[in-house]
file my_file.pdb (PDB, C-alpha atoms)
MODEL        1
ATOM      1  CA  SER R   1     -37.532  -7.488  -2.572
ATOM      2  CA  ALA R   2     -37.092 -11.232  -2.450
ATOM      3  CA  VAL R   3     -33.794 -10.923  -0.631
ATOM      4  CA  ALA R   4     -34.129 -12.704   2.693
ATOM      5  CA  GLY R   5     -32.846 -11.018   5.821
ATOM      6  CA  CYS R   6     -30.220 -13.635   6.537
ATOM      7  CA  SER R   7     -28.764 -14.219   3.102
ATOM      8  CA  ASN R   8     -28.416 -10.839   1.555
ATOM      9  CA  SER R   9     -27.035 -11.806  -1.816
ATOM     10  CA  GLN R  10     -26.758  -8.186  -2.987
ATOM     11  CA  ASN R  11     -23.635  -7.585  -0.972
ATOM     12  CA  GLY R  12     -22.476 -11.061  -0.080
ATOM     13  CA  GLY R  13     -23.833 -10.532   3.415
ATOM     14  CA  SER R  14     -20.864 -12.372   4.873
ATOM     15  CA  ASN R  15     -17.790 -10.223   4.315
ATOM     16  CA  ASN R  16     -16.647 -11.082   0.791
ATOM     17  CA  GLY R  17     -18.124 -14.545   0.935
ATOM     18  CA  GLU R  18     -15.781 -15.817   3.662
ATOM     19  CA  SER R  19     -17.817 -17.634   6.240
ATOM     20  CA  ALA R  20     -17.395 -16.602   9.845
ATOM     21  CA  ASP R  21     -16.704 -19.133  12.580
ATOM     22  CA  VAL R  22     -19.626 -18.692  14.981
ATOM     23  CA  SER R  23     -18.940 -21.697  17.229
ATOM     24  CA  ASN R  24     -18.149 -19.381  20.151
ATOM     25  CA  TYR R  25     -20.213 -16.372  18.986
ATOM     26  CA  PRO R  26     -21.164 -14.208  20.758
ATOM     27  CA  SER R  27     -18.206 -14.280  23.137
ATOM     28  CA  LYS R  28     -18.397 -10.726  24.512
ATOM     29  CA  GLU R  29     -21.096  -8.192  25.288
ATOM     30  CA  ILE R  30     -23.190  -6.765  22.456
ATOM     31  CA  GLU R  31     -23.591  -2.993  22.206
ATOM     32  CA  TRP R  32     -27.047  -1.624  21.392
ATOM     33  CA  LEU R  33     -27.126   1.977  20.224
ATOM     34  CA  VAL R  34     -30.642   3.283  20.900
ATOM     35  CA  PRO R  35     -31.057   6.407  18.701
ATOM     36  CA  TYR R  36     -33.451   8.022  21.183
ATOM     37  CA  THR R  37     -33.164   9.441  24.684
ATOM     38  CA  ALA R  38     -33.639   7.239  27.732
ATOM     39  CA  GLY R  39     -37.172   6.574  28.953
ATOM     40  CA  GLY R  40     -39.004   6.452  25.622
ATOM     41  CA  SER R  41     -40.667   3.315  24.287
ATOM     42  CA  SER R  42     -37.654   2.308  22.130
ATOM     43  CA  ASP R  43     -35.388   2.595  25.138
ATOM     44  CA  GLN R  44     -37.835   0.642  27.334
ATOM     45  CA  MET R  45     -37.999  -2.153  24.758
ATOM     46  CA  ALA R  46     -34.209  -2.302  24.390
ATOM     47  CA  ARG R  47     -33.587  -2.412  28.136
ATOM     48  CA  LEU R  48     -36.140  -5.165  28.586
ATOM     49  CA  ILE R  49     -34.573  -7.249  25.801
ATOM     50  CA  ALA R  50     -31.164  -6.659  27.409
ATOM     51  CA  LYS R  51     -32.521  -8.085  30.663
ATOM     52  CA  TYR R  52     -33.151 -11.445  28.929
ATOM     53  CA  SER R  53     -30.040 -11.394  26.758
ATOM     54  CA  LYS R  54     -27.754 -13.468  29.000
ATOM     55  CA  GLN R  55     -30.373 -16.222  29.134
ATOM     56  CA  TYR R  56     -30.831 -16.558  25.356
ATOM     57  CA  LEU R  57     -27.683 -15.104  23.758
ATOM     58  CA  GLY R  58     -25.238 -16.012  26.536
ATOM     59  CA  VAL R  59     -23.867 -12.480  26.825
ATOM     60  CA  ASP R  60     -25.021  -9.103  28.126
ATOM     61  CA  ILE R  61     -26.351  -6.304  25.946
ATOM     62  CA  ILE R  62     -25.057  -2.823  26.859
ATOM     63  CA  ILE R  63     -27.360   0.092  25.967
ATOM     64  CA  GLU R  64     -26.094   3.458  24.752
ATOM     65  CA  ASN R  65     -28.588   6.277  24.111
ATOM     66  CA  VAL R  66     -27.836   8.807  21.373
ATOM     67  CA  GLY R  67     -30.893  11.037  20.874
ATOM     68  CA  GLY R  68     -31.611  13.768  18.337
ATOM     69  CA  GLY R  69     -33.051  14.304  14.872
ATOM     70  CA  GLY R  70     -35.864  11.794  15.289
ATOM     71  CA  GLY R  71     -33.327   8.984  15.458
ATOM     72  CA  ASN R  72     -31.109  10.328  12.669
ATOM     73  CA  VAL R  73     -28.203  11.367  14.864
ATOM     74  CA  GLY R  74     -27.814   7.967  16.511
ATOM     75  CA  LEU R  75     -28.367   5.937  13.346
ATOM     76  CA  SER R  76     -25.822   8.045  11.447
ATOM     77  CA  GLN R  77     -23.309   7.480  14.243
ATOM     78  CA  PHE R  78     -24.085   3.750  14.155
ATOM     79  CA  VAL R  79     -23.615   3.175  10.422
ATOM     80  CA  THR R  80     -20.384   5.208  10.290
ATOM     81  CA  SER R  81     -18.746   3.559  13.331
ATOM     82  CA  PRO R  82     -15.598   1.622  12.411
ATOM     83  CA  GLY R  83     -16.072  -2.148  12.621
ATOM     84  CA  VAL R  84     -19.818  -1.806  13.216
ATOM     85  CA  ASN R  85     -20.437  -4.976  11.177
ATOM     86  CA  ASP R  86     -18.478  -7.225  13.572
ATOM     87  CA  GLY R  87     -21.607  -8.889  14.971
ATOM     88  CA  TYR R  88     -21.382  -7.041  18.299
ATOM     89  CA  ASN R  89     -23.369  -3.927  17.368
ATOM     90  CA  ILE R  90     -27.132  -3.600  17.041
ATOM     91  CA  THR R  91     -29.582  -0.688  16.852
ATOM     92  CA  CYS R  92     -33.295   0.109  16.531
ATOM     93  CA  PHE R  93     -35.265   0.081  13.271
ATOM     94  CA  ASN R  94     -38.512   1.979  13.855
ATOM     95  CA  THR R  95     -41.282   3.282  11.628
ATOM     96  CA  THR R  96     -39.633   6.719  11.501
ATOM     97  CA  ALA R  97     -36.422   5.238  10.119
ATOM     98  CA  ASN R  98     -38.368   3.830   7.184
ATOM     99  CA  LEU R  99     -40.161   7.141   6.510
ATOM    100  CA  GLN R 100     -37.285   9.630   6.743
ATOM    101  CA  PRO R 101     -35.279   8.505   3.675
ATOM    102  CA  ILE R 102     -38.358   9.053   1.461
ATOM    103  CA  TYR R 103     -38.380  12.716   2.487
ATOM    104  CA  GLY R 104     -34.663  13.156   1.825
ATOM    105  CA  THR R 105     -34.135  14.295   5.433
ATOM    106  CA  THR R 106     -31.397  11.715   6.039
ATOM    107  CA  GLU R 107     -27.939  11.364   4.574
ATOM    108  CA  TYR R 108     -28.379   7.580   4.478
ATOM    109  CA  ASP R 109     -31.136   5.197   3.483
ATOM    110  CA  TRP R 110     -31.531   3.006   6.557
ATOM    111  CA  LEU R 111     -33.041   0.172   4.480
ATOM    112  CA  GLU R 112     -29.773  -0.005   2.554
ATOM    113  CA  GLU R 113     -27.441   0.576   5.518
ATOM    114  CA  LEU R 114     -29.045  -1.764   8.068
ATOM    115  CA  GLU R 115     -29.718  -5.496   8.189
ATOM    116  CA  PRO R 116     -33.115  -6.218   9.820
ATOM    117  CA  LEU R 117     -32.987  -8.731  12.704
ATOM    118  CA  ALA R 118     -36.458  -8.775  14.274
ATOM    119  CA  LEU R 119     -39.692  -6.858  14.637
ATOM    120  CA  CYS R 120     -40.615  -6.717  18.315
ATOM    121  CA  VAL R 121     -43.433  -4.247  18.906
ATOM    122  CA  SER R 122     -46.341  -2.711  17.074
ATOM    123  CA  ILE R 123     -48.475   0.038  18.584
ATOM    124  CA  PRO R 124     -51.807   0.685  16.825
ATOM    125  CA  ILE R 125     -52.713   4.192  15.672
ATOM    126  CA  VAL R 126     -56.156   5.391  16.697
ATOM    127  CA  ILE R 127     -58.521   8.230  15.783
ATOM    128  CA  SER R 128     -59.945   9.976  18.845
ATOM    129  CA  VAL R 129     -62.159  12.994  19.563
ATOM    130  CA  PRO R 130     -62.908  15.012  22.740
ATOM    131  CA  LYS R 131     -65.580  13.584  25.053
ATOM    132  CA  ASP R 132     -68.005  16.422  24.164
ATOM    133  CA  SER R 133     -67.487  15.978  20.403
ATOM    134  CA  PRO R 134     -70.701  15.615  18.365
ATOM    135  CA  PHE R 135     -69.219  12.495  16.741
ATOM    136  CA  ASN R 136     -69.873   9.135  18.394
ATOM    137  CA  THR R 137     -68.911   6.952  15.436
ATOM    138  CA  ILE R 138     -66.395   7.100  12.601
ATOM    139  CA  GLU R 139     -69.331   7.113  10.123
ATOM    140  CA  GLU R 140     -70.694  10.346  11.654
ATOM    141  CA  LEU R 141     -67.272  11.936  11.332
ATOM    142  CA  VAL R 142     -66.917  10.875   7.677
ATOM    143  CA  ASP R 143     -70.423  12.117   6.805
ATOM    144  CA  TYR R 144     -69.713  15.509   8.351
ATOM    145  CA  ALA R 145     -66.303  15.778   6.669
ATOM    146  CA  LYS R 146     -67.857  14.994   3.266
ATOM    147  CA  ALA R 147     -70.442  17.735   3.751
ATOM    148  CA  ASN R 148     -67.872  20.218   5.114
ATOM    149  CA  PRO R 149     -64.554  19.745   3.233
ATOM    150  CA  GLY R 150     -61.515  21.007   5.163
ATOM    151  CA  LYS R 151     -63.543  22.193   8.153
ATOM    152  CA  LEU R 152     -62.449  19.475  10.575
ATOM    153  CA  GLN R 153     -58.947  19.793  12.012
ATOM    154  CA  TYR R 154     -56.960  16.745  13.013
ATOM    155  CA  GLY R 155     -53.776  16.858  15.057
ATOM    156  CA  HIS R 156     -50.693  14.705  14.504
ATOM    157  CA  ALA R 157     -47.143  14.461  15.812
ATOM    158  CA  GLY R 158     -45.476  16.517  13.069
ATOM    159  CA  ILE R 159     -45.418  16.842   9.267
ATOM    160  CA  GLY R 160     -44.356  13.537   7.774
ATOM    161  CA  SER R 161     -44.787  11.575  11.018
ATOM    162  CA  ILE R 162     -46.504   8.183  10.982
ATOM    163  CA  THR R 163     -49.623   9.723  12.556
ATOM    164  CA  ASN R 164     -49.698  12.294   9.722
ATOM    165  CA  VAL R 165     -49.334   9.452   7.197
ATOM    166  CA  ALA R 166     -52.182   7.493   8.826
ATOM    167  CA  GLY R 167     -54.426  10.577   8.908
ATOM    168  CA  GLU R 168     -53.823  11.327   5.234
ATOM    169  CA  GLN R 169     -54.317   7.703   4.196
ATOM    170  CA  PHE R 170     -57.664   7.769   6.033
ATOM    171  CA  CYS R 171     -58.656  10.945   4.127
ATOM    172  CA  LEU R 172     -57.650   9.375   0.789
ATOM    173  CA  GLU R 173     -59.499   6.134   1.564
ATOM    174  CA  ALA R 174     -62.658   7.843   2.881
ATOM    175  CA  GLY R 175     -62.683  10.477   0.119
ATOM    176  CA  ILE R 176     -62.709  13.349   2.618
ATOM    177  CA  GLU R 177     -60.711  16.501   3.220
ATOM    178  CA  MET R 178     -59.571  17.421   6.716
ATOM    179  CA  THR R 179     -57.090  20.102   7.760
ATOM    180  CA  ALA R 180     -53.952  18.563   9.227
ATOM    181  CA  VAL R 181     -52.495  20.431  12.218
ATOM    182  CA  PRO R 182     -48.891  19.493  13.029
ATOM    183  CA  PHE R 183     -47.659  19.484  16.624
ATOM    184  CA  GLY R 184     -44.155  19.155  18.007
ATOM    185  CA  SER R 185     -45.012  15.818  19.579
ATOM    186  CA  GLY R 186     -47.823  13.382  20.237
ATOM    187  CA  ALA R 187     -48.095  14.795  23.765
ATOM    188  CA  ASP R 188     -48.748  18.311  22.413
ATOM    189  CA  ALA R 189     -51.443  17.030  20.044
ATOM    190  CA  LEU R 190     -53.057  15.153  22.943
ATOM    191  CA  THR R 191     -53.203  18.330  25.052
ATOM    192  CA  ALA R 192     -54.871  20.167  22.153
ATOM    193  CA  VAL R 193     -57.571  17.548  21.561
ATOM    194  CA  MET R 194     -58.284  17.220  25.310
ATOM    195  CA  GLY R 195     -58.844  20.983  25.365
ATOM    196  CA  SER R 196     -61.018  20.821  22.217
ATOM    197  CA  GLN R 197     -58.619  23.129  20.340
ATOM    198  CA  ILE R 198     -58.702  20.588  17.506
ATOM    199  CA  ASP R 199     -61.577  18.297  16.500
ATOM    200  CA  ILE R 200     -59.669  15.037  16.103
ATOM    201  CA  ASN R 201     -56.381  13.484  17.151
ATOM    202  CA  VAL R 202     -54.554  10.760  15.228
ATOM    203  CA  ALA R 203     -52.150   9.208  17.724
ATOM    204  CA  SER R 204     -50.506   6.014  18.862
ATOM    205  CA  LEU R 205     -52.782   3.993  21.128
ATOM    206  CA  SER R 206     -50.272   3.991  23.983
ATOM    207  CA  GLU R 207     -50.664   7.790  24.228
ATOM    208  CA  VAL R 208     -54.473   7.897  24.370
ATOM    209  CA  LEU R 209     -55.660   4.520  25.690
ATOM    210  CA  SER R 210     -55.982   5.569  29.345
ATOM    211  CA  TYR R 211     -58.064   8.640  28.341
ATOM    212  CA  GLY R 212     -60.298   6.411  26.212
ATOM    213  CA  GLU R 213     -60.816   4.036  29.108
ATOM    214  CA  THR R 214     -61.825   6.861  31.471
ATOM    215  CA  GLY R 215     -64.086   8.441  28.833
ATOM    216  CA  GLU R 216     -62.103  11.683  28.588
ATOM    217  CA  LEU R 217     -61.634  10.914  24.900
ATOM    218  CA  LYS R 218     -63.855   8.954  22.523
ATOM    219  CA  LEU R 219     -61.835   6.451  20.504
ATOM    220  CA  LEU R 220     -63.654   6.195  17.170
ATOM    221  CA  ALA R 221     -61.529   3.807  15.114
ATOM    222  CA  LEU R 222     -58.221   1.984  14.875
ATOM    223  CA  CYS R 223     -55.962   2.604  11.883
ATOM    224  CA  THR R 224     -54.745  -0.986  11.866
ATOM    225  CA  ASP R 225     -56.408  -4.386  11.727
ATOM    226  CA  THR R 226     -56.183  -5.190  15.421
ATOM    227  CA  GLN R 227     -58.533  -4.885  18.400
ATOM    228  CA  ILE R 228     -58.022  -3.275  21.824
ATOM    229  CA  GLU R 229     -58.446  -5.931  24.507
ATOM    230  CA  SER R 230     -59.838  -3.463  27.056
ATOM    231  CA  MET R 231     -62.105  -1.705  24.503
ATOM    232  CA  PRO R 232     -63.369  -4.315  22.011
ATOM    233  CA  GLU R 233     -66.137  -1.922  20.914
ATOM    234  CA  VAL R 234     -63.642   0.315  19.053
ATOM    235  CA  PRO R 235     -63.862  -0.737  15.371
ATOM    236  CA  THR R 236     -61.027  -0.882  12.846
ATOM    237  CA  LEU R 237     -61.130   1.340   9.754
ATOM    238  CA  ILE R 238     -60.639  -1.848   7.720
ATOM    239  CA  SER R 239     -63.892  -3.273   9.163
ATOM    240  CA  LYS R 240     -65.634  -0.107   7.921
ATOM    241  CA  GLY R 241     -64.303  -0.549   4.394
ATOM    242  CA  TYR R 242     -61.311   1.829   4.566
ATOM    243  CA  GLU R 243     -58.035   0.044   3.762
ATOM    244  CA  VAL R 244     -55.871   1.794   6.348
ATOM    245  CA  ASP R 245     -53.310  -0.359   8.155
ATOM    246  CA  GLN R 246     -50.765   1.863   9.887
ATOM    247  CA  MET R 247     -49.009   1.355  13.203
ATOM    248  CA  VAL R 248     -45.897   2.404  15.045
ATOM    249  CA  THR R 249     -43.425  -0.461  14.697
ATOM    250  CA  GLN R 250     -40.233  -1.000  16.672
ATOM    251  CA  GLY R 251     -37.654  -3.433  15.458
ATOM    252  CA  ILE R 252     -33.997  -4.312  15.776
ATOM    253  CA  ALA R 253     -31.270  -4.266  13.145
ATOM    254  CA  THR R 254     -27.540  -4.634  12.746
ATOM    255  CA  ALA R 255     -25.132  -3.199  10.178
ATOM    256  CA  LYS R 256     -25.155  -4.385   6.570
ATOM    257  CA  ASP R 257     -22.245  -6.741   5.801
ATOM    258  CA  THR R 258     -22.409  -8.317   9.258
ATOM    259  CA  PRO R 259     -21.495 -11.975   8.568
ATOM    260  CA  ALA R 260     -24.645 -13.932   7.679
ATOM    261  CA  GLU R 261     -23.782 -16.638  10.218
ATOM    262  CA  MET R 262     -23.746 -14.014  12.998
ATOM    263  CA  VAL R 263     -27.008 -12.497  11.742
ATOM    264  CA  ALA R 264     -28.555 -15.977  11.984
ATOM    265  CA  VAL R 265     -27.432 -16.351  15.640
ATOM    266  CA  LEU R 266     -28.862 -12.922  16.543
ATOM    267  CA  ASP R 267     -32.068 -13.664  14.603
ATOM    268  CA  LYS R 268     -32.581 -16.867  16.610
ATOM    269  CA  GLY R 269     -31.612 -15.444  20.024
ATOM    270  CA  LEU R 270     -33.723 -12.293  19.696
ATOM    271  CA  GLY R 271     -36.668 -14.415  18.539
ATOM    272  CA  GLU R 272     -36.383 -16.546  21.669
ATOM    273  CA  ILE R 273     -36.332 -13.440  23.890
ATOM    274  CA  ILE R 274     -39.314 -11.797  22.165
ATOM    275  CA  ASN R 275     -41.339 -15.028  22.341
ATOM    276  CA  ASP R 276     -40.593 -15.536  26.052
ATOM    277  CA  GLU R 277     -43.895 -15.260  27.974
ATOM    278  CA  ASN R 278     -42.300 -13.354  30.864
ATOM    279  CA  PHE R 279     -40.751 -10.856  28.450
ATOM    280  CA  GLN R 280     -44.137 -10.329  26.771
ATOM    281  CA  ALA R 281     -45.891  -9.849  30.124
ATOM    282  CA  GLU R 282     -43.313  -7.243  31.195
ATOM    283  CA  LEU R 283     -43.564  -5.423  27.862
ATOM    284  CA  LYS R 284     -47.336  -5.160  28.320
ATOM    285  CA  THR R 285     -46.797  -3.158  31.527
ATOM    286  CA  TYR R 286     -45.305  -0.417  29.281
ATOM    287  CA  GLY R 287     -48.417  -0.468  27.094
ATOM    288  CA  MET R 288     -46.665  -2.345  24.288
ATOM    289  CA  ASP R 289     -47.728  -5.560  22.625
ATOM    290  CA  VAL R 290     -45.413  -7.986  20.922
ATOM    291  CA  GLU R 291     -45.650  -8.310  17.163
ATOM    292  CA  TYR R 292     -42.827 -10.663  16.277
ATOM    293  CA  MET R 293     -41.222 -11.167  12.876
ATOM    294  CA  ASN R 294     -37.925 -12.931  12.227
ATOM    295  CA  ALA R 295     -35.170 -11.325  10.152
ATOM    296  CA  ALA R 296     -36.414 -12.488   6.741
ATOM    297  CA  ASP R 297     -40.046 -11.539   7.386
ATOM    298  CA  PHE R 298     -39.117  -8.179   8.933
ATOM    299  CA  ASN R 299     -36.973  -7.398   5.887
ATOM    300  CA  THR R 300     -39.886  -8.151   3.523
ATOM    301  CA  PHE R 301     -42.257  -6.121   5.734
ATOM    302  CA  LEU R 302     -39.925  -3.081   5.646
ATOM    303  CA  GLN R 303     -39.577  -3.229   1.845
ATOM    304  CA  GLU R 304     -43.363  -3.387   1.395
ATOM    305  CA  GLN R 305     -43.943  -0.693   4.031
ATOM    306  CA  ARG R 306     -41.481   1.588   2.202
ATOM    307  CA  GLU R 307     -43.389   1.197  -1.074
ATOM    308  CA  GLU R 308     -46.716   1.950   0.617
ATOM    309  CA  PHE R 309     -45.318   4.947   2.535
ATOM    310  CA  THR R 310     -43.844   6.368  -0.675
ATOM    311  CA  GLN R 311     -47.206   6.148  -2.416
ATOM    312  CA  ILE R 312     -49.195   7.730   0.453
ATOM    313  CA  VAL R 313     -46.828  10.648   1.091
ATOM    314  CA  THR R 314     -46.640  11.395  -2.633
ATOM    315  CA  GLU R 315     -50.407  11.223  -3.290
ATOM    316  CA  SER R 316     -51.367  13.178  -0.164
ATOM    317  CA  GLY R 317     -48.845  15.994  -0.662
ATOM    318  CA  ILE R 318     -46.977  15.247   2.598
ATOM    319  CA  LEU R 319     -43.746  14.822   0.617
ATOM    320  CA  GLU R 320     -44.021  18.344  -0.842
ATOM    321  CA  GLU R 321     -44.794  19.786   2.603
ATOM    322  CA  VAL R 322     -41.767  18.170   4.230
ATOM    323  CA  GLN R 323     -39.486  19.305   1.418
ATOM    324  CA  ALA R 324     -40.861  22.839   1.571
ATOM    325  CA  GLN R 325     -40.188  22.832   5.304
ATOM    326  CA  THR R 326     -36.591  21.620   4.989
ATOM    327  CA  ASN R 327     -35.509  23.715   1.980
TER     328      ASN R 327
ENDMDL
END
call {"tool": "encode", "arguments": {"input": "my_file.pdb", "output": "structure tokens"}}
result
Amino acid sequence: SAVAGCSNSQNGGSNNGESADVSNYPSKEIEWLVPYTAGGSSDQMARLIAKYSKQYLGVDIIIENVGGGGGNVGLSQFVTSPGVNDGYNITCFNTTANLQPIYGTTEYDWLEELEPLALCVSIPIVISVPKDSPFNTIEELVDYAKANPGKLQYGHAGIGSITNVAGEQFCLEAGIEMTAVPFGSGADALTAVMGSQIDINVASLSEVLSYGETGELKLLALCTDTQIESMPEVPTLISKGYEVDQMVTQGIATAKDTPAEMVAVLDKGLGEIINDENFQAELKTYGMDVEYMNAADFNTFLQEQREEFTQIVTESGILEEVQAQTN
């Protein structure tokens, strides 16, 4: 879509074309509905941004947590709130929110209901094996999987999750078959791979990095084109010729039909927060790295990500599995 984040011509973007007076905007606190429980990475990111809000936006950000349904409950509450497009309401736009509408597990399509403001964080996805695994390189794993189709089991954080998508894209790209084993969460999959109940774990780096550093897990490859500062020896799948570029992304959005002039103010202010060196240093202490995109670029990224996700989940059969599970 060539529609830029700030000038969404499809719906006027600025309340029936009337321009909003933003000379004293924002003039009161902004409410951020985090569609996850307190303490998770989305919540940590939001609270840290809120800490810098007065400095760059001139007002405080108040956080409200509404967990449930993988973010669905909170996002549904957000988009149906009266007056949500008044410029004083923001929410999260994570990887999961871009996957769920493809599966038909949401009443709303978040890409159509939300106006992207900024991408803040990306967490790489990594392929790991137990420390006593026979595989020391990703090539050894691929060779074995080719010779033994379906024999290797990889764990992920649930059918249709981003780690499931990354695992299946790897299989498609490498021309191998592995048996996907869904767990209730990334933490459950981690426990299983540490206990050698499964051969491989596909997980977000923040979940497994410390175990890789201590040698309790072997990190074989990254599913995105980025390196780990503390473990530069871990290759990317892309460097091995497999075009897999998947990560957990965490962004910020507001409601569609928020006046474009207000969107522009939020776009600028959030960008200044995310690019603040102190903010970035604090975020790192949570195991998160900044990957910044402004509103227009984040919008384009989400549209392209949606197309790629749709293709992978259709080709790999994930879509059928999710629908069989929910019907």
call {"tool": "residues_around", "arguments": {"input": "my_file.pdb", "residues": "stretch 261-276 of chain R", "least_positions_apart": "3", "cutoff": "7 Å", "atoms": "only C-alpha atoms", "output": "ChimeraX atom specification"}}
result
/R:6,20,22,49,52,56-57,87,117-118,120,258,279-280,292,294-295
call {"tool": "resolve_selection", "arguments": {"input": "my_file.pdb", "expression": "the PyMOL selection byres ((chain R and resi 164) around 12)", "output": "ChimeraX atom specification"}}
result
/R:96,99,125-127,154-163,165-171,178-183,185-186,189,201-204,223,246-248,309,312-313,316-319,321-322
call {"tool": "closest_residue", "arguments": {"input": "my_file.pdb", "among": "R:Leu111, R:Met288, R:Ala174, R:Ala221", "to": "R:Pro235", "atoms": "all atoms listed in the file"}}
result
R:Ala221
call {"tool": "resolve_selection", "arguments": {"input": "my_file.pdb", "expression": "the PyMOL selection byres ((chain R and resi 114) around 9)", "output": "PDB file with C-alpha atoms, keeping the file's coordinate frame"}}
result
ATOM      1  CA  VAL R  79     -23.615   3.175  10.422  1.00  0.00           C
ATOM      2  CA  THR R  91     -29.582  -0.688  16.852  1.00  0.00           C
ATOM      3  CA  PHE R  93     -35.265   0.081  13.271  1.00  0.00           C
ATOM      4  CA  ASP R 109     -31.136   5.197   3.483  1.00  0.00           C
ATOM      5  CA  TRP R 110     -31.531   3.006   6.557  1.00  0.00           C
ATOM      6  CA  LEU R 111     -33.041   0.172   4.480  1.00  0.00           C
ATOM      7  CA  GLU R 112     -29.773  -0.005   2.554  1.00  0.00           C
ATOM      8  CA  GLU R 113     -27.441   0.576   5.518  1.00  0.00           C
ATOM      9  CA  GLU R 115     -29.718  -5.496   8.189  1.00  0.00           C
ATOM     10  CA  PRO R 116     -33.115  -6.218   9.820  1.00  0.00           C
ATOM     11  CA  ALA R 253     -31.270  -4.266  13.145  1.00  0.00           C
ATOM     12  CA  THR R 254     -27.540  -4.634  12.746  1.00  0.00           C
ATOM     13  CA  ALA R 255     -25.132  -3.199  10.178  1.00  0.00           C
ATOM     14  CA  LYS R 256     -25.155  -4.385   6.570  1.00  0.00           C
ATOM     15  CA  ASP R 257     -22.245  -6.741   5.801  1.00  0.00           C
TER      16      ASP R 257
END
call {"tool": "residues_around", "arguments": {"input": "my_file.pdb", "residues": "stretch 240-245 of chain R", "least_positions_apart": "2", "cutoff": "6 Å", "atoms": "only C-alpha atoms", "output": "ChimeraX atom specification"}}
result
/R:173,223-224,237-238
call {"tool": "resolve_selection", "arguments": {"input": "my_file.pdb", "expression": "the PyMOL selection byres ((chain R and resi 88) around 10)", "output": "number ranges by chain"}}
result
R: 25-32, 61, 83-87, 89-90, 254-255, 258, 262, 266
call {"tool": "write_last_selection", "arguments": {"input": "my_file.pdb", "atoms": "C-alpha atoms", "output": "PDB file, keeping the file's coordinate frame"}}
result
ATOM      1  CA  TYR R  25     -20.213 -16.372  18.986  1.00  0.00           C
ATOM      2  CA  PRO R  26     -21.164 -14.208  20.758  1.00  0.00           C
ATOM      3  CA  SER R  27     -18.206 -14.280  23.137  1.00  0.00           C
ATOM      4  CA  LYS R  28     -18.397 -10.726  24.512  1.00  0.00           C
ATOM      5  CA  GLU R  29     -21.096  -8.192  25.288  1.00  0.00           C
ATOM      6  CA  ILE R  30     -23.190  -6.765  22.456  1.00  0.00           C
ATOM      7  CA  GLU R  31     -23.591  -2.993  22.206  1.00  0.00           C
ATOM      8  CA  TRP R  32     -27.047  -1.624  21.392  1.00  0.00           C
ATOM      9  CA  ILE R  61     -26.351  -6.304  25.946  1.00  0.00           C
ATOM     10  CA  GLY R  83     -16.072  -2.148  12.621  1.00  0.00           C
ATOM     11  CA  VAL R  84     -19.818  -1.806  13.216  1.00  0.00           C
ATOM     12  CA  ASN R  85     -20.437  -4.976  11.177  1.00  0.00           C
ATOM     13  CA  ASP R  86     -18.478  -7.225  13.572  1.00  0.00           C
ATOM     14  CA  GLY R  87     -21.607  -8.889  14.971  1.00  0.00           C
ATOM     15  CA  ASN R  89     -23.369  -3.927  17.368  1.00  0.00           C
ATOM     16  CA  ILE R  90     -27.132  -3.600  17.041  1.00  0.00           C
ATOM     17  CA  THR R 254     -27.540  -4.634  12.746  1.00  0.00           C
ATOM     18  CA  ALA R 255     -25.132  -3.199  10.178  1.00  0.00           C
ATOM     19  CA  THR R 258     -22.409  -8.317   9.258  1.00  0.00           C
ATOM     20  CA  MET R 262     -23.746 -14.014  12.998  1.00  0.00           C
ATOM     21  CA  LEU R 266     -28.862 -12.922  16.543  1.00  0.00           C
TER      22      LEU R 266
END
call {"tool": "closest_residue", "arguments": {"input": "my_file.pdb", "among": "R:Gly58, R:Lys284, R:Ile252, R:Leu152", "to": "R:Leu33", "atoms": "only C-alpha atoms"}}
result
R:Ile252
call {"tool": "atom_distance", "arguments": {"input": "my_file.pdb", "atom1": "atom CA of R:Asn94", "atom2": "atom CA of R:Glu229"}}
result
23.9 Å
call {"tool": "decode", "arguments": {"input": "my_file.pdb", "residues": "stretch 265-270 of chain R", "atoms": "N, CA, C and O atoms", "output": "short mmCIF file (atom, residue, chain, number, x, y, z; two decimals), in the first residue's frame"}}
result
data_model
loop_
_atom_site.label_atom_id
_atom_site.label_comp_id
_atom_site.auth_asym_id
_atom_site.auth_seq_id
_atom_site.Cartn_x
_atom_site.Cartn_y
_atom_site.Cartn_z
N VAL R 265 2.04 14.88 15.21
CA VAL R 265 2.65 15.28 16.48
C VAL R 265 3.12 14.05 17.26
O VAL R 265 4.23 14.02 17.80
N LEU R 266 2.27 13.02 17.31
CA LEU R 266 2.62 11.78 18.01
C LEU R 266 3.79 11.07 17.33
O LEU R 266 4.71 10.58 17.99
N ASP R 267 3.76 11.05 16.00
CA ASP R 267 4.82 10.44 15.19
C ASP R 267 6.16 11.07 15.56
O ASP R 267 7.14 10.39 15.86
N LYS R 268 6.19 12.39 15.61
CA LYS R 268 7.42 13.13 15.90
C LYS R 268 7.88 12.91 17.35
O LYS R 268 9.04 12.59 17.61
N GLY R 269 6.95 13.05 18.30
CA GLY R 269 7.29 12.92 19.72
C GLY R 269 7.76 11.53 20.09
O GLY R 269 8.77 11.36 20.80
N LEU R 270 7.07 10.50 19.58
CA LEU R 270 7.46 9.12 19.86
C LEU R 270 8.83 8.83 19.25
O LEU R 270 9.67 8.15 19.85
#
